[in-house]
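Engineer: Here you go, entry-v7.txt (compact mmCIF, C-alpha atoms and all ligand atoms):
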# COMPACT_ATOMS: atom_id res chain seq x y z
CA MET T 1 104.93 99.97 131.10
CA SER T 2 108.39 99.84 129.52
CA ASP T 3 108.94 97.83 126.37
CA ALA T 4 111.30 95.51 128.23
CA SER T 5 108.86 94.62 131.01
CA ARG T 6 105.98 94.23 128.54
CA ARG T 7 108.25 91.95 126.52
CA ASP T 8 108.97 89.85 129.63
CA GLN T 9 105.27 89.67 130.40
CA LEU T 10 104.40 88.52 126.88
CA ALA T 11 107.29 86.02 126.89
CA GLU T 12 105.97 84.52 130.13
CA SER T 13 102.36 84.21 128.91
CA LEU T 14 103.57 82.79 125.61
CA ARG T 15 105.59 80.15 127.48
CA ALA T 16 102.53 79.18 129.54
CA LEU T 17 100.30 79.15 126.47
CA ARG T 18 102.68 76.94 124.48
CA ALA T 19 102.79 74.57 127.46
CA ARG T 20 98.97 74.34 127.41
CA ILE T 21 98.96 73.68 123.65
CA ASP T 22 101.72 71.07 123.94
CA ALA T 23 99.93 69.28 126.79
CA ALA T 24 96.64 69.27 124.88
CA CYS T 25 98.40 67.89 121.78
CA ALA T 26 100.10 65.19 123.85
CA ARG T 27 96.76 64.11 125.37
CA ALA T 28 95.21 63.98 121.90
CA ASN T 29 98.17 62.14 120.40
CA ARG T 30 98.82 64.98 118.00
CA ALA T 31 102.03 66.76 117.00
CA PRO T 32 102.27 70.33 118.39
CA ASP T 33 103.25 71.46 114.88
CA ASP T 34 99.74 70.52 113.73
CA VAL T 35 98.26 73.46 115.62
CA ARG T 36 98.91 77.03 114.44
CA LEU T 37 98.79 79.76 117.06
CA LEU T 38 97.12 83.01 116.03
CA ALA T 39 97.67 85.91 118.40
CA VAL T 40 94.48 87.99 118.46
CA THR T 41 95.81 91.53 118.96
CA LYS T 42 92.47 93.35 118.86
CA ARG T 43 92.39 96.44 121.11
CA PHE T 44 96.11 96.10 121.81
CA PRO T 45 98.63 98.44 120.15
CA ALA T 46 100.91 97.67 117.23
CA ALA T 47 103.82 97.84 119.72
CA ASP T 48 102.52 94.61 121.32
CA ALA T 49 102.26 92.96 117.90
CA ALA T 50 105.89 93.98 117.30
CA LEU T 51 107.00 92.37 120.57
CA LEU T 52 105.11 89.18 119.65
CA LEU T 53 106.93 89.10 116.31
CA ASP T 54 110.22 89.43 118.20
CA LEU T 55 109.16 86.43 120.29
CA GLY T 56 108.51 84.35 117.18
CA VAL T 57 104.73 84.71 116.87
CA ALA T 58 104.22 85.69 113.23
CA ASN T 59 100.52 84.81 112.90
CA LEU T 60 98.43 87.77 114.03
CA ALA T 61 94.65 88.23 113.92
CA GLU T 62 92.13 91.05 114.17
CA ASN T 63 88.34 91.02 114.31
CA ARG T 64 87.58 94.57 113.12
CA ALA T 65 88.67 95.70 109.69
CA GLN T 66 88.81 99.35 110.67
CA GLU T 67 91.17 98.82 113.60
CA ALA T 68 93.36 96.37 111.69
CA VAL T 69 94.20 98.52 108.71
CA GLY T 70 96.07 101.13 110.76
CA LYS T 71 97.69 98.57 113.05
CA ALA T 72 99.06 96.49 110.19
CA ALA T 73 100.54 99.62 108.60
CA GLU T 74 102.12 100.70 111.88
CA LEU T 75 103.57 97.24 112.46
CA ALA T 76 105.12 97.32 108.99
CA ARG T 77 106.85 100.56 110.02
CA LEU T 78 107.98 99.15 113.39
CA ARG T 79 109.30 95.86 112.00
CA PRO T 80 109.79 96.29 108.24
CA ALA T 81 111.80 93.09 107.83
CA ALA T 82 109.68 90.76 109.99
CA PRO T 83 107.31 88.32 108.29
CA ALA T 84 103.93 89.07 109.87
CA ARG T 85 100.93 87.16 108.54
CA TRP T 86 97.60 88.87 109.24
CA HIS T 87 94.28 87.05 109.65
CA MET T 88 90.79 88.51 109.64
CA VAL T 89 88.65 86.57 112.13
CA GLY T 90 85.69 88.88 112.72
CA ARG T 91 82.43 89.69 111.05
CA LEU T 92 83.00 91.37 107.74
CA GLN T 93 80.65 93.51 105.72
CA ARG T 94 80.78 93.26 101.97
CA ASN T 95 81.71 96.92 101.60
CA LYS T 96 84.89 96.33 103.65
CA ALA T 97 86.24 93.67 101.26
CA ARG T 98 88.40 96.11 99.31
CA SER T 99 89.98 97.42 102.50
CA VAL T 100 90.54 93.97 104.02
CA VAL T 101 92.55 92.69 101.08
CA THR T 102 95.05 95.54 101.60
CA TRP T 103 96.27 94.06 104.91
CA ALA T 104 94.91 90.53 105.42
CA ASP T 105 96.76 87.44 104.20
CA GLU T 106 93.89 85.15 105.20
CA VAL T 107 90.18 85.68 105.93
CA GLN T 108 88.65 83.11 108.29
CA SER T 109 85.20 84.68 108.59
CA VAL T 110 83.62 84.19 105.15
CA ASP T 111 79.97 83.44 105.86
CA SER T 112 77.94 84.22 102.74
CA PRO T 113 78.17 83.84 98.95
CA ALA T 114 77.81 87.62 98.63
CA LEU T 115 80.84 88.23 100.85
CA ALA T 116 82.84 85.57 98.98
CA GLU T 117 82.03 87.29 95.72
CA ALA T 118 83.05 90.72 97.04
CA LEU T 119 86.33 89.31 98.37
CA ALA T 120 87.12 87.54 95.12
CA LYS T 121 86.53 90.75 93.22
CA ALA T 122 88.70 92.74 95.64
CA VAL T 123 91.54 90.21 95.34
CA ARG T 124 91.28 90.42 91.55
CA GLY T 125 91.41 94.21 91.76
CA ARG T 126 94.48 94.30 93.97
CA ALA T 127 96.32 91.84 91.72
CA GLU T 128 95.52 93.92 88.64
CA LEU T 129 97.06 96.95 90.36
CA GLY T 130 100.12 94.93 91.33
CA ASP T 131 99.29 95.49 95.02
CA GLY T 132 99.29 91.90 96.17
CA PRO T 133 98.89 88.23 95.32
CA ALA T 134 96.15 87.03 92.97
CA THR T 135 94.77 84.54 95.49
CA MET T 136 93.64 84.61 99.13
CA ASP T 137 93.34 81.74 101.62
CA VAL T 138 89.90 81.71 103.21
CA MET T 139 87.91 79.70 105.71
CA ILE T 140 84.17 79.50 106.03
CA GLN T 141 82.94 80.59 109.44
CA VAL T 142 80.17 78.20 110.40
CA SER T 143 77.51 78.96 112.98
CA LEU T 144 77.32 76.15 115.54
CA ASP T 145 74.08 77.36 117.10
CA ASP T 146 72.45 78.65 113.91
CA ASP T 147 72.02 82.02 115.63
CA PRO T 148 72.39 84.53 112.80
CA ALA T 149 73.14 87.37 115.25
CA ARG T 150 76.53 85.86 116.11
CA GLY T 151 77.72 85.51 112.55
CA GLY T 152 78.68 82.45 110.59
CA CYS T 153 77.05 80.46 107.85
CA PRO T 154 74.31 78.06 109.00
CA ALA T 155 75.43 74.44 108.59
CA ALA T 156 72.78 73.88 105.91
CA GLY T 157 74.35 76.60 103.76
CA LEU T 158 77.87 75.15 103.81
CA PRO T 159 77.81 73.08 100.59
CA ARG T 160 76.56 75.98 98.48
CA LEU T 161 79.00 78.50 99.96
CA ALA T 162 81.93 76.07 99.59
CA GLU T 163 80.96 75.52 95.95
CA ARG T 164 80.89 79.28 95.28
CA ILE T 165 84.34 79.71 96.81
CA ALA T 166 85.76 76.74 94.91
CA GLU T 167 84.44 78.19 91.64
CA SER T 168 86.22 81.50 92.14
CA GLY T 169 89.70 81.72 90.77
CA GLU T 170 90.83 83.99 93.60
CA LEU T 171 89.77 82.31 96.85
CA ARG T 172 91.38 79.12 98.14
CA LEU T 173 89.13 77.30 100.60
CA ILE T 174 91.41 75.92 103.33
CA GLY T 175 88.89 74.94 106.02
CA LEU T 176 86.26 75.89 108.58
CA MET T 177 86.29 78.35 111.46
CA ALA T 178 83.91 78.56 114.41
CA VAL T 179 83.37 80.21 117.75
CA ALA T 180 81.82 77.95 120.40
CA PRO T 181 78.34 79.09 121.48
CA LEU T 182 78.42 80.98 124.77
CA LEU T 183 76.22 78.81 126.94
CA ALA T 184 76.71 75.30 125.59
CA ARG T 185 79.48 72.91 126.58
CA PRO T 186 82.32 73.27 124.06
CA GLU T 187 82.58 69.46 123.60
CA GLY T 188 79.28 69.30 121.72
CA ALA T 189 80.05 72.32 119.57
CA PHE T 190 83.56 71.23 118.61
CA GLY T 191 82.37 67.66 117.98
CA ARG T 192 79.79 68.99 115.56
CA LEU T 193 82.42 71.21 113.92
CA ALA T 194 84.69 68.17 113.39
CA GLU T 195 81.81 66.33 111.66
CA LEU T 196 81.05 69.32 109.41
CA ALA T 197 84.75 69.63 108.54
CA ALA T 198 84.94 65.93 107.59
CA THR T 199 81.88 66.28 105.35
CA LEU T 200 83.36 69.37 103.69
CA ARG T 201 86.67 67.57 103.11
CA ALA T 202 84.93 64.82 101.17
CA ASP T 203 84.06 67.35 98.42
CA HIS T 204 86.96 69.79 98.97
CA PRO T 205 90.05 67.74 99.87
CA HIS T 206 92.27 70.81 100.36
CA ALA T 207 89.98 72.23 103.05
CA THR T 208 91.90 70.54 105.86
CA GLU T 209 91.97 73.25 108.50
CA ILE T 210 89.77 73.68 111.55
CA SER T 211 90.11 77.04 113.29
CA ALA T 212 88.68 76.60 116.77
CA GLY T 213 89.64 77.28 120.36
CA MET T 214 90.27 80.53 122.21
CA SER T 215 91.80 81.33 125.62
CA GLY T 216 89.12 79.47 127.56
CA ASP T 217 88.50 76.38 125.45
CA LEU T 218 91.59 75.65 123.39
CA GLU T 219 92.25 72.26 125.08
CA VAL T 220 88.82 70.95 124.08
CA ALA T 221 89.21 72.36 120.56
CA ILE T 222 92.56 70.59 120.13
CA GLU T 223 91.01 67.35 121.41
CA TYR T 224 88.42 67.68 118.62
CA GLY T 225 90.93 68.34 115.85
CA SER T 226 91.56 72.09 115.80
CA THR T 227 94.52 73.02 113.59
CA CYS T 228 94.46 76.70 114.50
CA VAL T 229 93.79 78.28 117.90
CA ARG T 230 92.99 82.01 118.16
CA VAL T 231 94.22 83.40 121.45
CA GLY T 232 93.87 86.92 122.82
CA THR T 233 93.39 87.18 126.58
CA ALA T 234 95.69 84.31 127.62
CA LEU T 235 98.53 85.94 125.71
CA LEU T 236 98.00 89.69 125.93
CA GLY T 237 95.89 90.02 129.09
CA GLY T 238 92.43 91.50 129.61
CA ARG T 239 91.41 93.75 126.77
CA PRO T 240 91.27 97.51 127.32
CA LEU T 241 87.67 98.65 126.80
CA ALA T 242 88.29 101.42 124.29
CA SER T 243 89.95 100.91 120.95
CA PRO T 244 93.38 102.51 120.72
C1 LIG B 301 88.65 87.96 120.39
C2 LIG B 301 88.58 86.75 119.57
C3 LIG B 301 89.33 85.61 119.91
C4 LIG B 301 90.23 85.54 121.14
O1 LIG B 301 89.48 85.44 122.30
P1 LIG B 301 90.16 85.24 123.74
O2 LIG B 301 89.10 84.63 124.56
O3 LIG B 301 90.57 86.60 124.22
O4 LIG B 301 91.34 84.34 123.56
C5 LIG B 301 89.23 84.51 119.08
N1 LIG B 301 88.43 84.51 117.98
C6 LIG B 301 87.71 85.58 117.63
C7 LIG B 301 86.86 85.50 116.41
C8 LIG B 301 87.75 86.73 118.41
O5 LIG B 301 87.01 87.78 118.07
Could you quickly redo this structure as structure tokens?

Structural biologist:
Amino acid sequence: MSDASRRDQLAESLRALRARIDAACARANRAPDDVRLLAVTKRFPAADAALLLDLGVANLAENRAQEAVGKAAELARLRPAAPARWHMVGRLQRNKARSVVTWADEVQSVDSPALAEALAKAVRGRAELGDGPATMDVMIQVSLDDDPARGGCPAAGLPRLAERIAESGELRLIGLMAVAPLLARPEGAFGRLAELAATLRADHPHATEISAGMSGDLEVAIEYGSTCVRVGTALLGGRPLASP
């Protein structure tokens, strides 16, 4: 597909997506500016990320560290002057922390004290080398079904993990992230997330963000207070099976 027709396609899905977000905000009596849109570009090429930047979508997200590192570098070559902001939203192993801080501006998937420690150390290391800022915005990914296989910190572990992050000089805790469980109704999951976020805010007043809602459930997430929706399919189309 030519760049121009892909651009038209992305412009059209972006228009439809913004209309969905605006309508959901209107129903919930919220300002559309309250909800950040992250474009999840996983398994799509850097060329698509470049077209999204041209269309005004600067917040980009990836779920695999390995794929993201090359894509972020290629995007920087394609659009050197454009202000992309990269978000890590997928499961992250401790030994990838050093690599993640080379491209990510924000990590939404912190789910253990050990990972928080590794990230803090990596941020410190990059700052000492003059390779980036001395702090990183992070969210805690919370598990809404307490199924450890799907990632996320169990709700019971939240206070301790939040405390660890708050103690570090490098990580700034800005909120909670979650993926709705596959089989449950999203209303219950996002309602529970809103309660957990309110409890967290009582001890950590700067942790005001709730990252929730994807292509299929963003209206419900916005109804329950999401400040950040992460959208792949509804923007970019069905994902190719193989990684580029
Ligand atoms: C892929 C992914 C998304 C986007 O999902 P869609 O249903 O394609 O919008 C959001 N969040 C995370 C963590 C993801 O891995």

Engineer: Sorted by chain and rising residue number, list the residues of chain T at most 9 Å from ligand LIG 301 (chain B) (counting all atoms listed in the file), each with its closest atom pair and distance in Å to one decimal, as JSON lines.

Structural biologist:
{"residue": "T:Leu38", "atom": "CA", "partner": "B:LIG301", "partner_atom": "C5", "distance": 8.6}
{"residue": "T:Ala39", "atom": "CA", "partner": "B:LIG301", "partner_atom": "C4", "distance": 7.9}
{"residue": "T:Val40", "atom": "CA", "partner": "B:LIG301", "partner_atom": "C4", "distance": 5.6}
{"residue": "T:Thr41", "atom": "CA", "partner": "B:LIG301", "partner_atom": "C1", "distance": 8.1}
{"residue": "T:Lys42", "atom": "CA", "partner": "B:LIG301", "partner_atom": "C1", "distance": 6.8}
{"residue": "T:Ala61", "atom": "CA", "partner": "B:LIG301", "partner_atom": "C6", "distance": 8.3}
{"residue": "T:Glu62", "atom": "CA", "partner": "B:LIG301", "partner_atom": "O5", "distance": 7.2}
{"residue": "T:Asn63", "atom": "CA", "partner": "B:LIG301", "partner_atom": "O5", "distance": 5.1}
{"residue": "T:Arg64", "atom": "CA", "partner": "B:LIG301", "partner_atom": "O5", "distance": 8.4}
{"residue": "T:Met88", "atom": "CA", "partner": "B:LIG301", "partner_atom": "C7", "distance": 8.4}
{"residue": "T:Val89", "atom": "CA", "partner": "B:LIG301", "partner_atom": "C7", "distance": 4.8}
{"residue": "T:Gly90", "atom": "CA", "partner": "B:LIG301", "partner_atom": "C7", "distance": 5.1}
{"residue": "T:Arg91", "atom": "CA", "partner": "B:LIG301", "partner_atom": "C7", "distance": 8.1}
{"residue": "T:Gln108", "atom": "CA", "partner": "B:LIG301", "partner_atom": "C7", "distance": 8.7}
{"residue": "T:Ser109", "atom": "CA", "partner": "B:LIG301", "partner_atom": "C7", "distance": 8.0}
{"residue": "T:Met177", "atom": "CA", "partner": "B:LIG301", "partner_atom": "C7", "distance": 8.7}
{"residue": "T:Ala178", "atom": "CA", "partner": "B:LIG301", "partner_atom": "C7", "distance": 7.8}
{"residue": "T:Val179", "atom": "CA", "partner": "B:LIG301", "partner_atom": "C7", "distance": 6.5}
{"residue": "T:Ser211", "atom": "CA", "partner": "B:LIG301", "partner_atom": "N1", "distance": 9.0}
{"residue": "T:Ala212", "atom": "CA", "partner": "B:LIG301", "partner_atom": "N1", "distance": 8.0}
{"residue": "T:Gly213", "atom": "CA", "partner": "B:LIG301", "partner_atom": "C5", "distance": 7.4}
{"residue": "T:Met214", "atom": "CA", "partner": "B:LIG301", "partner_atom": "O4", "distance": 4.2}
{"residue": "T:Ser215", "atom": "CA", "partner": "B:LIG301", "partner_atom": "O4", "distance": 3.7}
{"residue": "T:Gly216", "atom": "CA", "partner": "B:LIG301", "partner_atom": "O2", "distance": 6.0}
{"residue": "T:Asp217", "atom": "CA", "partner": "B:LIG301", "partner_atom": "O2", "distance": 8.3}
{"residue": "T:Leu218", "atom": "CA", "partner": "B:LIG301", "partner_atom": "O4", "distance": 8.7}
{"residue": "T:Val229", "atom": "CA", "partner": "B:LIG301", "partner_atom": "C5", "distance": 7.8}
{"residue": "T:Arg230", "atom": "CA", "partner": "B:LIG301", "partner_atom": "C5", "distance": 4.6}
{"residue": "T:Val231", "atom": "CA", "partner": "B:LIG301", "partner_atom": "O4", "distance": 3.7}
{"residue": "T:Gly232", "atom": "CA", "partner": "B:LIG301", "partner_atom": "O3", "distance": 3.6}
{"residue": "T:Thr233", "atom": "CA", "partner": "B:LIG301", "partner_atom": "O3", "distance": 3.7}
{"residue": "T:Ala234", "atom": "CA", "partner": "B:LIG301", "partner_atom": "O4", "distance": 6.0}
{"residue": "T:Leu235", "atom": "CA", "partner": "B:LIG301", "partner_atom": "O4", "distance": 7.7}
{"residue": "T:Leu236", "atom": "CA", "partner": "B:LIG301", "partner_atom": "O3", "distance": 8.2}
{"residue": "T:Gly237", "atom": "CA", "partner": "B:LIG301", "partner_atom": "O3", "distance": 8.0}
{"residue": "T:Gly238", "atom": "CA", "partner": "B:LIG301", "partner_atom": "O3", "distance": 7.5}
{"residue": "T:Arg239", "atom": "CA", "partner": "B:LIG301", "partner_atom": "O3", "distance": 7.6}

Engineer: Keeping only C-alpha atoms, take the residues you just selected and write them out as a CSV table (one decimal), keeping the file's coordinate frame.

Structural biologist:
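The result, stored in part08.csv:
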chain,number,residue,atom,x,y,z
T,38,LEU,CA,97.1,83.0,116.0
T,39,ALA,CA,97.7,85.9,118.4
T,40,VAL,CA,94.5,88.0,118.5
T,41,THR,CA,95.8,91.5,119.0
T,42,LYS,CA,92.5,93.4,118.9
T,61,ALA,CA,94.6,88.2,113.9
T,62,GLU,CA,92.1,91.0,114.2
T,63,ASN,CA,88.3,91.0,114.3
T,64,ARG,CA,87.6,94.6,113.1
T,88,MET,CA,90.8,88.5,109.6
T,89,VAL,CA,88.6,86.6,112.1
T,90,GLY,CA,85.7,88.9,112.7
T,91,ARG,CA,82.4,89.7,111.0
T,108,GLN,CA,88.6,83.1,108.3
T,109,SER,CA,85.2,84.7,108.6
T,177,MET,CA,86.3,78.4,111.5
T,178,ALA,CA,83.9,78.6,114.4
T,179,VAL,CA,83.4,80.2,117.8
T,211,SER,CA,90.1,77.0,113.3
T,212,ALA,CA,88.7,76.6,116.8
T,213,GLY,CA,89.6,77.3,120.4
T,214,MET,CA,90.3,80.5,122.2
T,215,SER,CA,91.8,81.3,125.6
T,216,GLY,CA,89.1,79.5,127.6
T,217,ASP,CA,88.5,76.4,125.4
T,218,LEU,CA,91.6,75.6,123.4
T,229,VAL,CA,93.8,78.3,117.9
T,230,ARG,CA,93.0,82.0,118.2
T,231,VAL,CA,94.2,83.4,121.4
T,232,GLY,CA,93.9,86.9,122.8
T,233,THR,CA,93.4,87.2,126.6
T,234,ALA,CA,95.7,84.3,127.6
T,235,LEU,CA,98.5,85.9,125.7
T,236,LEU,CA,98.0,89.7,125.9
T,237,GLY,CA,95.9,90.0,129.1
T,238,GLY,CA,92.4,91.5,129.6
T,239,ARG,CA,91.4,93.8,126.8

Engineer: Measure the distance from CA of Leu200 (chain T) to CA of Ala184 (chain T) in Å and round it to one decimal.

Structural biologist: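 The value is 23.6 Å.
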
Engineer: Return the single residue from T:Val123, T:Ile140, T:Cys153, T:Leu51 that is closest to Ala11 (chain T), with distances computed using all atoms listed in the file.

Structural biologist: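 Closest to Ala11 (chain T), using all atoms listed in the file: T:Leu51.
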
Engineer: Could you tell me how far CA of Ala122 (chain T) sits from CA of Asp147 (chain T), in Å to one decimal place?

Structural biologist: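 Calculated distance between CA of Asp147 (chain T) and CA of Ala122 (chain T) is 28.2 Å.
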
Engineer: Distance cut-off 12 Å, centre (102.3, 97.5, 123.8) in file coordinates, counting only C-alpha atoms: which residues qualify? Return them as a count of residues only.

Structural biologist: 30

Engineer: Taking N, CA and C atoms as the atom set, what does region 58-92 of chain T look like once completed, written as an mmCIF file, keeping the file's coordinate frame?

Structural biologist:
data_model
loop_
_atom_site.group_PDB
_atom_site.id
_atom_site.type_symbol
_atom_site.label_atom_id
_atom_site.label_comp_id
_atom_site.auth_asym_id
_atom_site.auth_seq_id
_atom_site.Cartn_x
_atom_site.Cartn_y
_atom_site.Cartn_z
ATOM 1 N N ALA T 58 104.387 84.937 114.479
ATOM 2 C CA ALA T 58 104.220 85.690 113.230
ATOM 3 C C ALA T 58 102.768 85.745 112.769
ATOM 4 N N ASN T 59 101.924 84.858 113.311
ATOM 5 C CA ASN T 59 100.520 84.810 112.900
ATOM 6 C C ASN T 59 99.678 85.688 113.803
ATOM 7 N N LEU T 60 99.180 86.788 113.250
ATOM 8 C CA LEU T 60 98.430 87.770 114.030
ATOM 9 C C LEU T 60 97.010 87.859 113.481
ATOM 10 N N ALA T 61 96.048 88.195 114.361
ATOM 11 C CA ALA T 61 94.650 88.230 113.920
ATOM 12 C C ALA T 61 93.941 89.438 114.506
ATOM 13 N N GLU T 62 92.969 89.930 113.745
ATOM 14 C CA GLU T 62 92.130 91.050 114.170
ATOM 15 C C GLU T 62 90.690 90.709 113.843
ATOM 16 N N ASN T 63 89.750 91.310 114.607
ATOM 17 C CA ASN T 63 88.340 91.020 114.310
ATOM 18 C C ASN T 63 87.595 92.229 113.760
ATOM 19 N N ARG T 64 88.256 93.399 113.706
ATOM 20 C CA ARG T 64 87.580 94.570 113.120
ATOM 21 C C ARG T 64 88.469 95.173 112.044
ATOM 22 N N ALA T 65 87.895 95.248 110.839
ATOM 23 C CA ALA T 65 88.670 95.700 109.690
ATOM 24 C C ALA T 65 89.238 97.103 109.915
ATOM 25 N N GLN T 66 88.408 97.964 110.516
ATOM 26 C CA GLN T 66 88.810 99.350 110.670
ATOM 27 C C GLN T 66 90.035 99.505 111.570
ATOM 28 N N GLU T 67 90.046 98.749 112.673
ATOM 29 C CA GLU T 67 91.170 98.820 113.600
ATOM 30 C C GLU T 67 92.426 98.205 112.967
ATOM 31 N N ALA T 68 92.227 97.146 112.204
ATOM 32 C CA ALA T 68 93.360 96.370 111.690
ATOM 33 C C ALA T 68 94.166 97.140 110.648
ATOM 34 N N VAL T 69 93.493 97.932 109.838
ATOM 35 C CA VAL T 69 94.200 98.520 108.710
ATOM 36 C C VAL T 69 95.324 99.449 109.184
ATOM 37 N N GLY T 70 95.045 100.247 110.221
ATOM 38 C CA GLY T 70 96.070 101.130 110.760
ATOM 39 C C GLY T 70 97.153 100.371 111.510
ATOM 40 N N LYS T 71 96.725 99.331 112.244
ATOM 41 C CA LYS T 71 97.690 98.570 113.050
ATOM 42 C C LYS T 71 98.685 97.817 112.167
ATOM 43 N N ALA T 72 98.168 97.233 111.097
ATOM 44 C CA ALA T 72 99.060 96.490 110.190
ATOM 45 C C ALA T 72 100.078 97.446 109.560
ATOM 46 N N ALA T 73 99.622 98.645 109.198
ATOM 47 C CA ALA T 73 100.540 99.620 108.600
ATOM 48 C C ALA T 73 101.593 100.053 109.611
ATOM 49 N N GLU T 74 101.152 100.262 110.870
ATOM 50 C CA GLU T 74 102.120 100.700 111.880
ATOM 51 C C GLU T 74 103.122 99.583 112.186
ATOM 52 N N LEU T 75 102.648 98.347 112.222
ATOM 53 C CA LEU T 75 103.570 97.240 112.460
ATOM 54 C C LEU T 75 104.611 97.136 111.344
ATOM 55 N N ALA T 76 104.174 97.380 110.121
ATOM 56 C CA ALA T 76 105.120 97.320 108.990
ATOM 57 C C ALA T 76 106.205 98.386 109.131
ATOM 58 N N ARG T 77 105.836 99.535 109.756
ATOM 59 C CA ARG T 77 106.850 100.560 110.020
ATOM 60 C C ARG T 77 107.775 100.138 111.163
ATOM 61 N N LEU T 78 107.180 99.528 112.219
ATOM 62 C CA LEU T 78 107.980 99.150 113.390
ATOM 63 C C LEU T 78 108.937 97.999 113.087
ATOM 64 N N ARG T 79 108.478 97.050 112.282
ATOM 65 C CA ARG T 79 109.300 95.860 112.000
ATOM 66 C C ARG T 79 109.262 95.558 110.501
ATOM 67 N N PRO T 80 109.913 96.429 109.700
ATOM 68 C CA PRO T 80 109.790 96.290 108.240
ATOM 69 C C PRO T 80 110.279 94.947 107.699
ATOM 70 N N ALA T 81 111.223 94.325 108.389
ATOM 71 C CA ALA T 81 111.800 93.090 107.830
ATOM 72 C C ALA T 81 111.102 91.835 108.330
ATOM 73 N N ALA T 82 110.242 91.970 109.363
ATOM 74 C CA ALA T 82 109.680 90.760 109.990
ATOM 75 C C ALA T 82 108.481 90.241 109.200
ATOM 76 N N PRO T 83 108.355 88.919 109.121
ATOM 77 C CA PRO T 83 107.310 88.320 108.290
ATOM 78 C C PRO T 83 105.989 88.138 109.028
ATOM 79 N N ALA T 84 105.236 89.220 109.226
ATOM 80 C CA ALA T 84 103.930 89.070 109.870
ATOM 81 C C ALA T 84 102.933 88.502 108.874
ATOM 82 N N ARG T 85 102.040 87.649 109.369
ATOM 83 C CA ARG T 85 100.930 87.160 108.540
ATOM 84 C C ARG T 85 99.638 87.521 109.260
ATOM 85 N N TRP T 86 98.815 88.358 108.614
ATOM 86 C CA TRP T 86 97.600 88.870 109.240
ATOM 87 C C TRP T 86 96.368 88.063 108.848
ATOM 88 N N HIS T 87 95.510 87.811 109.847
ATOM 89 C CA HIS T 87 94.280 87.050 109.650
ATOM 90 C C HIS T 87 93.076 87.873 110.075
ATOM 91 N N MET T 88 92.057 87.892 109.253
ATOM 92 C CA MET T 88 90.790 88.510 109.640
ATOM 93 C C MET T 88 89.896 87.422 110.220
ATOM 94 N N VAL T 89 89.460 87.607 111.483
ATOM 95 C CA VAL T 89 88.650 86.570 112.130
ATOM 96 C C VAL T 89 87.278 87.080 112.571
ATOM 97 N N GLY T 90 86.955 88.329 112.248
ATOM 98 C CA GLY T 90 85.690 88.880 112.720
ATOM 99 C C GLY T 90 84.686 89.074 111.607
ATOM 100 N N ARG T 91 83.500 89.457 112.013
ATOM 101 C CA ARG T 91 82.430 89.690 111.050
ATOM 102 C C ARG T 91 82.826 90.753 110.057
ATOM 103 N N LEU T 92 82.515 90.499 108.803
ATOM 104 C CA LEU T 92 83.000 91.370 107.740
ATOM 105 C C LEU T 92 81.835 91.740 106.841
#
